[in-house]
>>> print(open('entry.cif').read())   # mmCIF, C-alpha atoms
data_query
loop_
_atom_site.label_atom_id
_atom_site.label_comp_id
_atom_site.auth_asym_id
_atom_site.auth_seq_id
_atom_site.Cartn_x
_atom_site.Cartn_y
_atom_site.Cartn_z
CA MET J 4 0.00 0.00 0.00
CA THR J 5 1.41 3.36 -0.96
CA ASN J 6 1.61 6.10 1.57
CA ARG J 7 -0.94 8.14 -0.32
CA ARG J 8 -3.42 5.29 -0.39
CA ALA J 9 -2.92 4.64 3.34
CA GLN J 10 -3.51 8.28 4.04
CA TRP J 11 -6.72 8.25 1.99
CA LEU J 12 -7.97 5.18 3.81
CA LEU J 13 -7.19 6.67 7.21
CA THR J 14 -8.99 9.84 6.24
CA ALA J 15 -11.98 7.89 4.99
CA VAL J 16 -12.11 5.83 8.18
CA GLY J 17 -11.74 9.01 10.19
CA MET J 18 -14.66 10.60 8.36
CA VAL J 19 -16.85 7.58 9.01
CA ILE J 20 -15.97 7.62 12.71
CA LEU J 21 -16.62 11.35 12.92
CA GLY J 22 -19.92 10.85 11.17
CA VAL J 23 -20.95 8.19 13.61
CA MET J 24 -19.84 10.34 16.53
CA GLU J 25 -21.88 13.26 15.28
CA VAL J 26 -24.95 11.10 15.22
CA TYR J 27 -24.38 10.10 18.80
CA ILE J 28 -23.51 13.51 20.20
CA PRO J 29 -26.88 15.10 20.83
CA SER J 30 -26.98 18.81 21.50
CA ALA J 31 -27.41 20.01 25.07
CA ALA J 32 -30.92 21.22 24.34
CA GLU J 33 -32.03 17.77 23.20
CA THR J 34 -30.78 15.90 26.25
CA SER J 35 -31.57 18.34 29.01
CA ASP J 36 -34.74 18.11 31.00
CA PRO J 37 -36.83 21.10 29.86
CA THR J 38 -37.90 21.72 33.44
CA LYS J 39 -34.29 22.38 34.49
CA ILE J 40 -32.95 25.74 33.37
CA VAL J 41 -29.37 26.63 34.13
CA VAL J 42 -28.34 30.26 34.58
CA LYS J 43 -24.76 30.50 33.41
CA ASP J 44 -22.52 33.02 31.68
CA PHE J 45 -25.34 35.58 31.95
CA MET J 46 -27.75 33.39 29.96
CA PHE J 47 -30.73 31.16 30.63
CA LYS J 48 -29.97 27.76 29.11
CA PRO J 49 -31.82 26.33 27.38
CA THR J 50 -34.43 28.77 26.17
CA PRO J 51 -37.10 28.59 24.91
CA VAL J 52 -38.30 25.38 26.54
CA THR J 53 -41.59 23.55 26.12
CA VAL J 54 -43.14 21.78 29.11
CA LYS J 55 -46.46 20.12 29.88
CA ALA J 56 -49.09 21.89 31.96
CA GLY J 57 -48.57 21.07 35.61
CA SER J 58 -44.77 20.97 35.28
CA THR J 59 -42.52 22.59 37.85
CA VAL J 60 -39.61 24.44 36.29
CA THR J 61 -36.44 24.98 38.30
CA TRP J 62 -33.81 27.61 37.57
CA THR J 63 -30.33 27.17 39.09
CA ASN J 64 -27.71 29.91 39.14
CA MET J 65 -24.25 28.64 38.18
CA ASP J 66 -22.62 32.09 37.95
CA ASP J 67 -20.57 33.88 40.61
CA GLU J 68 -22.95 36.78 40.08
CA PRO J 69 -26.47 36.65 41.54
CA HIS J 70 -29.41 36.47 39.16
CA THR J 71 -33.18 36.61 39.47
CA VAL J 72 -36.06 35.12 37.52
CA VAL J 73 -38.90 37.57 37.06
CA SER J 74 -41.97 37.00 34.91
CA ASP J 75 -42.81 39.83 32.50
CA THR J 76 -46.38 39.77 33.80
CA GLY J 77 -45.45 39.58 37.47
CA MET J 78 -46.74 36.00 37.72
CA PHE J 79 -43.55 34.73 39.37
CA LYS J 80 -40.50 36.35 40.88
CA SER J 81 -37.48 34.83 42.57
CA GLY J 82 -35.37 36.67 45.07
CA GLY J 83 -31.70 37.17 44.34
CA MET J 84 -30.26 33.71 43.69
CA ASP J 85 -26.66 33.37 44.78
CA THR J 86 -24.32 30.80 43.25
CA ASN J 87 -25.88 27.30 43.25
CA GLU J 88 -29.21 28.60 44.54
CA SER J 89 -32.42 27.61 42.80
CA PHE J 90 -35.94 28.87 42.26
CA SER J 91 -38.94 26.81 41.15
CA PHE J 92 -42.38 27.63 39.79
CA LYS J 93 -45.27 25.34 38.81
CA PHE J 94 -46.97 26.11 35.51
CA ASP J 95 -50.58 24.96 35.59
CA GLN J 96 -52.01 26.86 32.62
CA PRO J 97 -50.96 26.43 28.99
CA GLY J 98 -49.45 29.56 27.49
CA THR J 99 -46.21 31.34 26.66
CA TYR J 100 -44.35 32.84 29.58
CA HIS J 101 -41.48 35.29 29.19
CA PHE J 102 -39.06 36.01 31.99
CA THR J 103 -35.99 38.10 32.63
CA CYS J 104 -33.27 38.64 35.22
CA SER J 105 -34.08 41.89 37.00
CA ILE J 106 -30.41 42.44 37.79
CA HIS J 107 -29.32 41.92 34.16
CA PRO J 108 -32.37 42.70 32.04
CA ARG J 109 -30.68 41.64 28.81
CA MET J 110 -31.02 38.08 30.12
CA VAL J 111 -34.35 36.82 28.81
CA GLY J 112 -36.04 33.45 28.44
CA THR J 113 -39.30 31.85 27.39
CA ILE J 114 -41.31 28.87 28.61
CA VAL J 115 -44.06 27.42 26.47
CA VAL J 116 -46.57 25.41 28.51
CA GLN J 117 -48.72 22.94 26.51
CA MET G 3 -16.34 86.54 54.14
CA SER G 4 -20.00 87.37 54.08
CA ASP G 5 -22.43 85.20 55.92
CA ASP G 6 -24.91 85.53 53.10
CA PRO G 7 -25.44 81.89 52.12
CA SER G 8 -25.79 82.64 48.41
CA LEU G 9 -22.50 84.55 48.30
CA LEU G 10 -20.85 81.91 50.39
CA SER G 11 -22.13 79.19 48.14
CA ARG G 12 -20.91 80.90 44.99
CA ARG G 13 -17.44 81.32 46.40
CA ASN G 14 -17.45 77.82 47.71
CA ALA G 15 -18.58 76.48 44.39
CA LEU G 16 -15.26 77.56 42.96
CA LYS G 17 -13.22 76.30 45.88
CA CYS G 18 -15.08 73.33 47.16
CA MET G 19 -13.84 69.97 46.33
CA ALA G 20 -15.65 66.74 46.45
CA TYR G 21 -14.53 63.17 46.47
CA GLY G 22 -15.72 60.56 44.09
CA GLY G 23 -15.05 56.89 43.76
CA ALA G 24 -12.94 55.01 46.23
CA GLY G 25 -9.78 56.43 44.82
CA THR G 26 -10.70 59.65 43.12
CA LEU G 27 -11.84 62.95 44.47
CA PHE G 28 -13.13 65.94 42.60
CA ALA G 29 -12.19 69.56 42.91
CA LEU G 30 -14.93 71.85 41.75
CA SER G 31 -12.88 74.30 39.75
CA GLY G 32 -14.39 76.82 37.38
CA GLY G 33 -17.70 75.08 37.84
CA VAL G 34 -16.45 71.69 36.72
CA PHE G 35 -15.45 68.88 39.02
CA THR G 36 -11.92 67.73 38.33
CA PRO G 37 -10.81 64.34 39.57
CA ILE G 38 -7.88 64.07 41.94
CA ASP G 39 -6.32 60.91 43.22
CA LEU G 40 -7.65 60.14 46.67
CA ALA G 41 -4.34 58.65 47.74
CA TRP G 42 -2.68 61.94 46.85
CA ALA G 43 -5.17 63.83 49.00
CA ALA G 44 -4.68 61.42 51.87
CA GLY G 45 -0.91 61.45 51.51
CA ASP G 46 -0.25 65.11 50.84
CA LYS G 47 -2.37 66.60 53.55
CA GLN G 48 -0.98 70.10 53.13
CA GLY G 49 -1.58 70.11 49.40
CA ALA G 50 -5.05 68.71 49.84
CA ALA G 51 -5.87 71.30 52.45
CA LYS G 52 -5.09 74.08 50.01
CA LEU G 53 -7.86 72.85 47.75
CA GLY G 54 -10.48 73.72 50.35
CA LYS G 55 -12.94 71.76 52.38
CA PRO G 56 -14.12 68.59 50.69
CA LEU G 57 -17.81 68.57 49.93
CA PHE G 58 -18.54 64.89 49.64
CA VAL G 59 -17.09 61.44 49.21
CA GLN G 60 -18.68 59.00 46.80
CA ILE G 61 -18.67 55.37 47.88
CA SER G 62 -20.18 52.78 45.58
CA ASP G 63 -20.93 49.13 45.08
CA THR G 64 -19.96 47.90 48.53
CA HIS G 65 -21.79 44.58 47.83
CA ILE G 66 -21.85 43.51 51.48
CA GLY G 67 -22.58 39.77 51.47
CA PHE G 68 -20.40 38.94 48.47
CA ASN G 69 -17.88 36.27 49.45
CA LYS G 70 -16.61 34.72 46.22
CA GLU G 71 -13.07 34.38 44.95
CA ALA G 72 -12.95 37.86 43.41
CA ASN G 73 -12.92 39.25 46.98
CA PRO G 74 -13.74 37.02 49.95
CA ASP G 75 -13.59 40.01 52.33
CA VAL G 76 -15.74 42.89 51.06
CA SER G 77 -16.28 44.10 54.64
CA GLY G 78 -12.52 44.41 54.99
CA THR G 79 -12.09 46.44 51.81
CA LEU G 80 -15.00 48.68 52.78
CA SER G 81 -13.33 49.21 56.15
CA GLN G 82 -10.10 50.15 54.39
CA THR G 83 -12.02 52.63 52.26
CA ILE G 84 -13.58 54.10 55.40
CA ASP G 85 -10.10 54.40 56.94
CA ILE G 86 -8.93 56.39 53.90
CA VAL G 87 -11.94 58.70 54.11
CA ASN G 88 -11.55 59.11 57.87
CA GLY G 89 -7.88 59.90 57.34
CA LEU G 90 -8.49 62.83 55.02
CA TYR G 91 -7.08 66.11 56.26
CA ASP G 92 -10.47 67.76 56.20
CA GLN G 93 -13.57 65.62 56.58
CA PRO G 94 -16.13 65.86 53.82
CA ALA G 95 -19.53 67.25 54.71
CA LEU G 96 -21.38 64.38 53.06
CA ILE G 97 -21.02 60.78 51.96
CA ILE G 98 -22.88 59.73 48.83
CA HIS G 99 -23.39 56.01 48.27
CA THR G 100 -24.35 55.25 44.69
CA GLY G 101 -25.90 51.87 45.33
CA ASP G 102 -25.41 48.14 45.55
CA ILE G 103 -24.90 48.57 49.26
CA THR G 104 -25.61 44.84 49.57
CA HIS G 105 -25.12 41.89 47.26
CA LEU G 106 -28.43 40.07 47.74
CA SER G 107 -30.75 42.54 49.55
CA LYS G 108 -30.66 40.38 52.68
CA PRO G 109 -31.53 41.99 56.02
CA ALA G 110 -28.27 40.76 57.57
CA GLU G 111 -26.28 42.31 54.72
CA PHE G 112 -27.98 45.68 55.15
CA ASP G 113 -27.45 45.48 58.92
CA LEU G 114 -23.74 44.76 58.52
CA ALA G 115 -23.35 47.56 55.96
CA GLN G 116 -25.03 50.05 58.28
CA GLN G 117 -22.87 48.90 61.15
CA LEU G 118 -19.71 49.44 59.05
CA PHE G 119 -20.90 52.87 57.90
CA THR G 120 -21.19 54.04 61.53
CA ARG G 121 -17.37 54.16 61.58
CA LEU G 122 -17.35 57.02 59.09
CA ARG G 123 -16.46 60.27 60.80
CA THR G 124 -18.80 62.01 58.40
CA THR G 125 -22.24 60.97 59.54
CA GLU G 126 -24.46 62.48 56.84
CA MET G 127 -24.90 59.81 54.17
CA HIS G 128 -27.15 59.99 51.12
CA THR G 129 -27.94 56.84 49.19
CA VAL G 130 -29.66 55.54 46.09
CA PRO G 131 -30.35 51.83 45.62
CA GLY G 132 -28.66 49.53 43.14
CA GLU G 133 -30.41 46.59 41.52
CA HIS G 134 -28.67 44.31 44.03
CA ASP G 135 -30.44 46.22 46.83
CA THR G 136 -33.90 45.61 45.41
CA THR G 137 -34.02 41.87 44.71
CA ASP G 138 -36.03 40.95 47.81
CA ALA G 139 -39.56 39.83 46.95
CA THR G 140 -41.26 42.89 48.41
CA VAL G 141 -38.47 45.43 47.67
CA THR G 142 -38.72 46.68 51.23
CA GLU G 143 -35.34 45.97 52.86
CA TYR G 144 -33.63 48.97 51.26
CA PHE G 145 -36.54 51.32 51.77
CA ASN G 146 -37.06 50.30 55.40
CA ARG G 147 -33.55 51.54 56.11
CA PHE G 148 -32.84 54.25 53.56
CA GLY G 149 -36.26 55.21 52.21
CA LYS G 150 -37.02 58.08 54.56
CA ALA G 151 -35.18 60.76 52.55
CA SER G 152 -37.26 60.02 49.48
CA ASN G 153 -40.54 59.14 51.19
CA ASN G 154 -39.93 55.60 49.89
CA LYS G 155 -39.89 56.74 46.27
CA GLY G 156 -36.14 56.36 45.79
CA TYR G 157 -35.66 59.84 44.30
CA TYR G 158 -35.15 63.10 46.20
CA SER G 159 -33.13 66.29 46.25
CA PHE G 160 -31.37 68.45 48.80
CA ASP G 161 -29.06 71.43 48.93
CA HIS G 162 -25.69 71.70 50.54
CA ALA G 163 -23.22 74.59 50.37
CA GLY G 164 -25.03 76.06 47.39
CA VAL G 165 -24.88 72.83 45.41
CA HIS G 166 -28.18 71.18 44.46
CA PHE G 167 -28.04 67.39 44.79
CA ILE G 168 -30.51 65.08 43.07
CA GLY G 169 -30.61 61.36 43.93
CA LEU G 170 -32.40 59.21 41.35
CA ILE G 171 -33.49 55.58 41.11
CA ASN G 172 -33.02 53.77 37.79
CA VAL G 173 -33.05 50.13 38.86
CA LEU G 174 -36.73 49.35 39.34
CA GLN G 175 -38.36 49.65 35.94
CA PHE G 176 -36.17 47.46 33.82
CA LYS G 177 -37.45 46.66 30.41
CA PRO G 178 -36.58 43.08 29.49
CA GLY G 179 -33.53 43.04 27.29
CA GLY G 180 -33.03 46.74 27.89
CA LEU G 181 -31.35 49.32 30.02
CA GLY G 182 -32.28 50.83 33.36
CA SER G 183 -34.97 53.49 33.33
CA LEU G 184 -36.17 56.47 35.31
CA GLY G 185 -39.81 56.48 34.24
CA ALA G 186 -42.23 59.29 33.42
CA GLU G 187 -43.22 59.99 37.02
CA GLN G 188 -39.64 60.49 38.18
CA LEU G 189 -38.75 62.61 35.13
CA ALA G 190 -41.77 64.83 35.82
CA TRP G 191 -40.62 65.19 39.41
CA VAL G 192 -37.13 66.26 38.26
CA ALA G 193 -38.66 68.86 35.94
CA ALA G 194 -40.64 70.29 38.85
CA ASP G 195 -37.62 70.14 41.14
CA LEU G 196 -35.44 72.09 38.69
CA LYS G 197 -38.09 74.62 37.71
CA GLY G 198 -37.13 78.15 38.67
CA ARG G 199 -33.64 77.19 39.77
CA SER G 200 -30.87 79.52 38.66
CA ALA G 201 -28.72 78.16 35.85
CA SER G 202 -25.66 79.09 37.92
CA THR G 203 -26.55 76.57 40.63
CA PRO G 204 -24.05 73.70 40.52
CA ILE G 205 -25.99 70.45 40.15
CA VAL G 206 -24.86 67.02 41.27
CA VAL G 207 -27.02 64.13 40.04
CA PHE G 208 -26.38 60.66 41.42
CA ALA G 209 -27.93 57.30 40.55
CA HIS G 210 -26.71 53.74 40.53
CA MET G 211 -26.70 52.79 36.87
CA PRO G 212 -24.84 55.02 34.42
CA LEU G 213 -27.01 57.87 33.17
CA TRP G 214 -25.40 57.64 29.77
CA THR G 215 -25.00 54.58 27.63
CA ILE G 216 -21.59 53.07 28.20
CA TYR G 217 -22.31 49.58 26.84
CA GLU G 218 -25.82 48.65 25.86
CA PRO G 219 -25.36 44.86 25.50
CA TRP G 220 -24.57 44.69 29.21
CA GLY G 221 -27.28 47.15 30.19
CA TRP G 222 -24.73 49.79 31.17
CA GLY G 223 -26.98 52.75 30.65
CA THR G 224 -30.40 54.25 31.29
CA GLY G 225 -32.90 54.13 28.44
CA ASP G 226 -34.64 57.44 29.13
CA ALA G 227 -31.61 59.36 30.44
CA ASP G 228 -31.72 61.69 27.41
CA GLN G 229 -34.91 63.25 28.76
CA LEU G 230 -33.12 63.93 32.04
CA MET G 231 -30.13 65.46 30.26
CA GLY G 232 -32.46 67.73 28.31
CA GLN G 233 -33.65 69.16 31.62
CA LEU G 234 -30.11 69.61 32.95
CA ARG G 235 -28.52 71.13 29.87
CA ARG G 236 -29.29 74.75 30.79
CA PHE G 237 -27.23 74.56 33.98
CA GLY G 238 -23.67 75.82 34.00
CA SER G 239 -22.21 72.97 36.04
CA VAL G 240 -23.69 69.51 36.11
CA THR G 241 -21.90 66.53 37.62
CA VAL G 242 -23.43 63.11 37.07
CA LEU G 243 -22.19 60.35 39.38
CA ASN G 244 -22.93 56.66 39.00
CA GLY G 245 -21.66 53.28 40.12
CA HIS G 246 -22.72 49.87 38.83
CA ILE G 247 -19.84 49.06 36.48
CA HIS G 248 -17.11 48.88 39.16
CA GLN G 249 -14.59 50.94 37.21
CA ILE G 250 -13.97 54.55 36.34
CA VAL G 251 -15.39 55.80 33.07
CA GLN G 252 -15.72 59.49 32.42
CA LYS G 253 -17.16 61.76 29.82
CA VAL G 254 -17.41 65.54 29.49
CA GLU G 255 -20.17 66.95 27.35
CA GLY G 256 -20.64 70.69 27.37
CA ASN G 257 -21.15 71.69 31.00
CA MET G 258 -21.81 68.13 32.08
CA THR G 259 -19.26 65.80 33.58
CA PHE G 260 -20.16 62.12 33.84
CA HIS G 261 -18.25 59.83 36.16
CA THR G 262 -18.68 56.23 37.27
CA ALA G 263 -16.97 55.18 40.49
CA ARG G 264 -14.93 52.16 41.33
CA SER G 265 -16.41 49.61 43.65
CA THR G 266 -15.09 48.96 47.13
CA SER G 267 -15.84 45.24 46.69
CA TYR G 268 -14.61 43.71 43.43
CA PRO G 269 -13.66 44.82 39.93
CA GLN G 270 -15.63 44.05 36.81
CA PRO G 271 -14.33 43.53 33.28
CA ALA G 272 -14.12 46.35 30.78
CA ALA G 273 -17.16 46.67 28.53
CA GLY G 274 -17.68 43.60 26.36
CA VAL G 275 -14.74 41.60 27.72
CA GLY G 276 -15.88 38.10 28.68
CA SER G 277 -19.35 36.61 29.04
CA GLY G 278 -20.85 39.31 31.20
CA PRO G 279 -20.41 41.95 33.88
CA GLY G 280 -19.64 39.57 36.72
CA PRO G 281 -16.93 39.65 39.37
CA LEU G 282 -13.47 39.86 37.82
CA LYS G 283 -10.90 37.63 39.51
CA VAL G 284 -7.52 39.30 39.74
CA PRO G 285 -4.36 38.39 41.67
CA ALA G 286 -4.67 39.44 45.32
CA ASP G 287 -1.88 42.01 45.01
CA GLN G 288 -3.78 43.79 42.24
CA LEU G 289 -7.18 43.82 43.88
CA GLN G 290 -6.79 46.89 46.06
CA ALA G 291 -5.55 49.03 43.20
CA MET G 292 -8.61 48.06 41.20
CA LEU G 293 -10.84 48.98 44.09
CA GLY G 294 -9.24 52.37 44.17
CA ILE G 295 -7.57 51.87 47.50
CA THR G 296 -4.35 52.88 45.86
CA SER G 297 -1.13 53.14 47.75
CA VAL G 298 -0.01 56.53 48.99
CA SER G 299 3.01 56.27 46.73
CA VAL G 300 0.77 57.12 43.77
CA VAL G 301 1.44 60.82 44.06
CA LYS G 302 0.04 63.11 41.42
CA HIS G 303 -0.57 66.79 41.48
CA PRO G 304 -4.23 67.50 40.77
CA SER G 305 -3.43 69.76 37.86
CA SER G 306 -1.61 66.92 36.14
CA LEU G 307 -4.64 64.66 36.14
CA ALA G 308 -6.79 64.68 33.07
CA LEU G 309 -10.55 64.34 33.25
CA ASN G 310 -10.54 60.96 31.57
CA ASP G 311 -8.58 59.38 34.37
CA THR G 312 -9.09 55.64 34.01
CA ALA G 313 -9.10 52.76 36.41
CA LEU G 314 -6.34 50.23 36.30
CA ALA G 315 -8.84 47.68 35.04
#
>>> encode(input="entry.cif", output="structure tokens")
Amino acid sequence: MTNRRAQWLLTAVGMVILGVMEVYIPSAAETSDPTKIVVKDFMFKPTPVTVKAGSTVTWTNMDDEPHTVVSDTGMFKSGGMDTNESFSFKFDQPGTYHFTCSIHPRMVGTIVVQ
Amino acid sequence: MSDDPSLLSRRNALKCMAYGGAGTLFALSGGVFTPIDLAWAAGDKQGAAKLGKPLFVQISDTHIGFNKEANPDVSGTLSQTIDIVNGLYDQPALIIHTGDITHLSKPAEFDLAQQLFTRLRTTEMHTVPGEHDTTDATVTEYFNRFGKASNNKGYYSFDHAGVHFIGLINVLQFKPGGLGSLGAEQLAWVAADLKGRSASTPIVVFAHMPLWTIYEPWGWGTGDADQLMGQLRRFGSVTVLNGHIHQIVQKVEGNMTFHTARSTSYPQPAAGVGSGPGPLKVPADQLQAMLGITSVSVVKHPSSLALNDTALA
């Protein structure tokens, strides 16, 4: 086998392996429980999420900076959540709910309840 | 010197100096506040004395309750700041705290902050809340302690030595995805407060979030601040003091000087650097300089300092 041919084969095998790996590496949004929202790097992750009516959604702050979760309509409001602190709210009614961090209002998220 | 308060105030307006930031003080010269290194004032007592009696010290973003790596001892650095202020040759008449007294609006944090403040030799303190002071569910902890001056509204004004001071609140009416805001009611109050005031009255406006847009993606600004500036533009000397961004940023526009103070707790990154405006971890030997508690060896003559003096951050 020439060097060039060996190289081509290795590349081809590599591509196949990569392809297989891609299939088996699901994105974070696909695997994560939609009722668990992480607050990290000044973002709500994931967002938007879709949950069933009656679900309890929990937000957990993973930043060194405190964050809050405040509904645009005033329906729910956490206090300041320090690092590793959480806030939960139960969504009984279907609808679309927008929320923000009152300390960093550019942080926004959406929950769709079905 | 005449005892006539208006004459006194006019003379004082040219001589008075005021302190801003934990590390910078301002001399009101020719109607414009000029920043002077606080360490210089503390170190060169004779030189500082020549500038006249200090009008006020600005303390900001004390974040009592914060205990993360960026500064595990925010009470200690506030105490050091208080020592510097107490050590000034001439004590300022007032202390102005531009918000984020606490980190999480907890009663114990407010109590500890108030206890630390009692060590200040200057006892008259004026405050405005930061967004960290108003995260409790009922937004009452701040107002229970500091709401009296504003009748629990968060905005108020007072006069001292011929200077008109206006404290404003811009952390309660956030628009999602947007900047801080003052709101129509507060803006109408400012208009009424300024009505009939002589344009020669020096004005000092203080609020927590910057009253000009420094960096919109991080919310470093106030959405309706332009309406406020429109009301202030006719005055000959306007000084706008803010905190929030934990570093010094300054701007001069016509007769208006804008200044954000350093924090006494922890530094934050420069605009747009990193994922967000969170605590910036720096080596321990750099922390104090970034909090403005600079060493006395930083000696600068006030006249050599430009207006756009920047923080070490």
>>> residues_around(input="entry.cif", residues="region 60-64 of chain J", least_positions_apart="6", cutoff="12 Å", atoms="all atoms listed in the file", output="NGL selection string")
:J and (36-50 or 52-54 or 70-73 or 79-95 or 100 or 102-104 or 112-116)
>>> write_last_selection(input="entry.cif", atoms="C-alpha atoms", output="PDB file, in the coordinates of the input")
ATOM      1  CA  ASP J  36     -34.740  18.110  31.000  1.00  0.00           C
ATOM      2  CA  PRO J  37     -36.830  21.100  29.860  1.00  0.00           C
ATOM      3  CA  THR J  38     -37.900  21.720  33.440  1.00  0.00           C
ATOM      4  CA  LYS J  39     -34.290  22.380  34.490  1.00  0.00           C
ATOM      5  CA  ILE J  40     -32.950  25.740  33.370  1.00  0.00           C
ATOM      6  CA  VAL J  41     -29.370  26.630  34.130  1.00  0.00           C
ATOM      7  CA  VAL J  42     -28.340  30.260  34.580  1.00  0.00           C
ATOM      8  CA  LYS J  43     -24.760  30.500  33.410  1.00  0.00           C
ATOM      9  CA  ASP J  44     -22.520  33.020  31.680  1.00  0.00           C
ATOM     10  CA  PHE J  45     -25.340  35.580  31.950  1.00  0.00           C
ATOM     11  CA  MET J  46     -27.750  33.390  29.960  1.00  0.00           C
ATOM     12  CA  PHE J  47     -30.730  31.160  30.630  1.00  0.00           C
ATOM     13  CA  LYS J  48     -29.970  27.760  29.110  1.00  0.00           C
ATOM     14  CA  PRO J  49     -31.820  26.330  27.380  1.00  0.00           C
ATOM     15  CA  THR J  50     -34.430  28.770  26.170  1.00  0.00           C
ATOM     16  CA  VAL J  52     -38.300  25.380  26.540  1.00  0.00           C
ATOM     17  CA  THR J  53     -41.590  23.550  26.120  1.00  0.00           C
ATOM     18  CA  VAL J  54     -43.140  21.780  29.110  1.00  0.00           C
ATOM     19  CA  HIS J  70     -29.410  36.470  39.160  1.00  0.00           C
ATOM     20  CA  THR J  71     -33.180  36.610  39.470  1.00  0.00           C
ATOM     21  CA  VAL J  72     -36.060  35.120  37.520  1.00  0.00           C
ATOM     22  CA  VAL J  73     -38.900  37.570  37.060  1.00  0.00           C
ATOM     23  CA  PHE J  79     -43.550  34.730  39.370  1.00  0.00           C
ATOM     24  CA  LYS J  80     -40.500  36.350  40.880  1.00  0.00           C
ATOM     25  CA  SER J  81     -37.480  34.830  42.570  1.00  0.00           C
ATOM     26  CA  GLY J  82     -35.370  36.670  45.070  1.00  0.00           C
ATOM     27  CA  GLY J  83     -31.700  37.170  44.340  1.00  0.00           C
ATOM     28  CA  MET J  84     -30.260  33.710  43.690  1.00  0.00           C
ATOM     29  CA  ASP J  85     -26.660  33.370  44.780  1.00  0.00           C
ATOM     30  CA  THR J  86     -24.320  30.800  43.250  1.00  0.00           C
ATOM     31  CA  ASN J  87     -25.880  27.300  43.250  1.00  0.00           C
ATOM     32  CA  GLU J  88     -29.210  28.600  44.540  1.00  0.00           C
ATOM     33  CA  SER J  89     -32.420  27.610  42.800  1.00  0.00           C
ATOM     34  CA  PHE J  90     -35.940  28.870  42.260  1.00  0.00           C
ATOM     35  CA  SER J  91     -38.940  26.810  41.150  1.00  0.00           C
ATOM     36  CA  PHE J  92     -42.380  27.630  39.790  1.00  0.00           C
ATOM     37  CA  LYS J  93     -45.270  25.340  38.810  1.00  0.00           C
ATOM     38  CA  PHE J  94     -46.970  26.110  35.510  1.00  0.00           C
ATOM     39  CA  ASP J  95     -50.580  24.960  35.590  1.00  0.00           C
ATOM     40  CA  TYR J 100     -44.350  32.840  29.580  1.00  0.00           C
ATOM     41  CA  PHE J 102     -39.060  36.010  31.990  1.00  0.00           C
ATOM     42  CA  THR J 103     -35.990  38.100  32.630  1.00  0.00           C
ATOM     43  CA  CYS J 104     -33.270  38.640  35.220  1.00  0.00           C
ATOM     44  CA  GLY J 112     -36.040  33.450  28.440  1.00  0.00           C
ATOM     45  CA  THR J 113     -39.300  31.850  27.390  1.00  0.00           C
ATOM     46  CA  ILE J 114     -41.310  28.870  28.610  1.00  0.00           C
ATOM     47  CA  VAL J 115     -44.060  27.420  26.470  1.00  0.00           C
ATOM     48  CA  VAL J 116     -46.570  25.410  28.510  1.00  0.00           C
TER      49      VAL J 116
END
>>> resolve_selection(input="entry.cif", expression="the PyMOL selection byres ((chain G and resi 223-234) around 6)", output="PyMOL selection string")
chain G and resi 181-183+212-216+221-222+235-237
>>> write_last_selection(input="entry.cif", atoms="C-alpha atoms", output="short mmCIF file (atom, residue, chain, number, x, y, z; two decimals), in the coordinates of the input")
data_model
loop_
_atom_site.label_atom_id
_atom_site.label_comp_id
_atom_site.auth_asym_id
_atom_site.auth_seq_id
_atom_site.Cartn_x
_atom_site.Cartn_y
_atom_site.Cartn_z
CA LEU G 181 -31.35 49.32 30.02
CA GLY G 182 -32.28 50.83 33.36
CA SER G 183 -34.97 53.49 33.33
CA PRO G 212 -24.84 55.02 34.42
CA LEU G 213 -27.01 57.87 33.17
CA TRP G 214 -25.40 57.64 29.77
CA THR G 215 -25.00 54.58 27.63
CA ILE G 216 -21.59 53.07 28.20
CA GLY G 221 -27.28 47.15 30.19
CA TRP G 222 -24.73 49.79 31.17
CA ARG G 235 -28.52 71.13 29.87
CA ARG G 236 -29.29 74.75 30.79
CA PHE G 237 -27.23 74.56 33.98
#
>>> interface_residues(input="entry.cif", of="chain G", to="chain J", cutoff="10 Å", atoms="only C-alpha atoms", output="PyMOL selection string")
chain G and resi 68-72+105-108+132-141+173-182+218-222+276-282
>>> atom_distance(input="entry.cif", atom1="CA of Ser77 (chain G)", atom2="CA of Glu111 (chain G)")
10.2 Å
>>> atom_distance(input="entry.cif", atom1="CA of Glu143 (chain G)", atom2="CA of Phe112 (chain G)")
7.7 Å
>>> atom_distance(input="entry.cif", atom1="CA of Tyr157 (chain G)", atom2="CA of Arg199 (chain G)")
18.0 Å
>>> residues_around(input="entry.cif", residues="Gln270 (chain G)", least_positions_apart="2", cutoff="12 Å", atoms="only C-alpha atoms", output="ChimeraX atom specification")
/J:67-68 /G:63,72-73,220,245-250,263-268,272-284,289,292-293,313-315
>>> closest_residue(input="entry.cif", among="G:Trp191, G:Glu126, G:Gly101, G:Leu118", to="Gly78 (chain G)", atoms="all atoms listed in the file")
G:Leu118
>>> resolve_selection(input="entry.cif", expression="the PyMOL selection byres ((chain G and resi 119) around 12)", output="VMD selection string")
chain G and resid 61 64 66 77 80 to 85 87 to 88 97 to 99 103 112 to 118 120 to 129
>>> resolve_selection(input="entry.cif", expression="the PyMOL selection byres ((chain J and resi 117) around 6)", output="list of chain:residue names")
J:Lys55, J:Ala56, J:Pro97, J:Val116
